[in-house]
Amino acid sequence: MTDPLDAPPSPAPPLVIVDGANVVGSRPDGWWKDRRGAAERLRDRLAGEGLPGHPGPVEIVLVVEGAARGVASVPGVRVESAPGSGDDHVVELAAASPGRPRLVVTADRELRRRVTELGARVAGPRTVLG
């Protein structure tokens, strides 16, 4: 399997944008009882493990929405609260960095289509959940 972030060198590290609601919702572990807590657990996992299988430095942005808005950033993971649609915010972030490798982590088919049109690569929730 090739690394989804293989690309020519860039001055900035690869950007990994995680669709928090989609990734959290991919496992039926009771996340719906505490959406904010589920987002915080995902953030902490990302901060601790980075992007599994990718040894180099990456910039991780976790996009949260709804009840998870307001989750704080931690070293290694910038958390962005979407002002509206989380998907739209993910697309905005991917569009804002056209010259660097970008990986969007989501299982949402429409979001995957939108970001690949911008040149980003996509991967499913297992990429960060194992």
# chains A, B, ... in the order shown; residues from 1 in each chain; ligands from 1

$ select_by_dssp --residues "chain A" --states "strand (DSSP E or B)" --output "mmCIF file with C-alpha atoms, in the first residue's frame"
data_model
loop_
_atom_site.group_PDB
_atom_site.id
_atom_site.type_symbol
_atom_site.label_atom_id
_atom_site.label_comp_id
_atom_site.auth_asym_id
_atom_site.auth_seq_id
_atom_site.Cartn_x
_atom_site.Cartn_y
_atom_site.Cartn_z
ATOM 1 C CA LEU A 15 -1.910 18.561 6.034
ATOM 2 C CA VAL A 16 -4.213 15.885 7.469
ATOM 3 C CA ILE A 17 -7.813 17.052 7.842
ATOM 4 C CA VAL A 18 -9.997 14.755 9.915
ATOM 5 C CA ASP A 19 -13.780 14.876 9.537
ATOM 6 C CA GLU A 59 -0.123 18.933 10.568
ATOM 7 C CA ILE A 60 -3.356 17.453 11.895
ATOM 8 C CA VAL A 61 -6.570 19.454 11.885
ATOM 9 C CA LEU A 62 -9.654 17.922 13.483
ATOM 10 C CA VAL A 63 -12.881 19.522 12.257
ATOM 11 C CA VAL A 64 -15.755 19.337 14.736
ATOM 12 C CA VAL A 74 -3.816 20.324 22.035
ATOM 13 C CA VAL A 77 -3.763 18.596 16.854
ATOM 14 C CA ARG A 78 -5.459 21.839 15.891
ATOM 15 C CA VAL A 79 -9.204 21.609 16.436
ATOM 16 C CA GLU A 80 -11.440 23.787 14.303
ATOM 17 C CA SER A 81 -15.112 24.241 15.102
ATOM 18 C CA ARG A 102 -3.397 17.083 1.807
ATOM 19 C CA LEU A 103 -5.151 14.021 3.160
ATOM 20 C CA VAL A 104 -8.799 14.148 4.208
ATOM 21 C CA VAL A 105 -9.932 11.385 6.541
ATOM 22 C CA ARG A 121 -6.192 12.539 -1.254
ATOM 23 C CA VAL A 122 -8.716 10.708 0.873
ATOM 24 C CA ALA A 123 -8.640 7.855 3.360
#

$ closest_residue --among "A:Leu111, A:Gly76, A:Glu49, A:Asn22" --to "Val128 of chain A" --atoms "only C-alpha atoms"
A:Glu49

$ residues_around --residues "Gly84 of chain A" --least-positions-apart "6" --cutoff "12 Å" --atoms "only C-alpha atoms" --output "list in words"
Val63, Val64, Glu65, Gly66, Ala67, Arg69, Val90 and Glu92 of chain A

$ residues_around --residues "Asp108 of chain A" --least-positions-apart "5" --cutoff "10 Å" --atoms "only C-alpha atoms" --output "number ranges by chain"
A: 19, 22-23, 87, 113, 124-125

$ closest_residue --among "A:Gly37, A:Pro98, A:Pro11, A:Pro52" --to "Gly70 of chain A" --atoms "only C-alpha atoms"
A:Gly37

$ closest_residue --among "A:Val58, A:Ala38, A:Val115, A:Val71" --to "Ser26 of chain A" --atoms "only C-alpha atoms"
A:Ala38

$ closest_residue --among "A:Gly50, A:Gly20, A:Pro101, A:Gly30" --to "Gly119 of chain A" --atoms "only C-alpha atoms"
A:Pro101

$ closest_residue --among "A:Glu40, A:Trp32, A:Arg109, A:Leu51" --to "Arg126 of chain A" --atoms "only C-alpha atoms"
A:Leu51
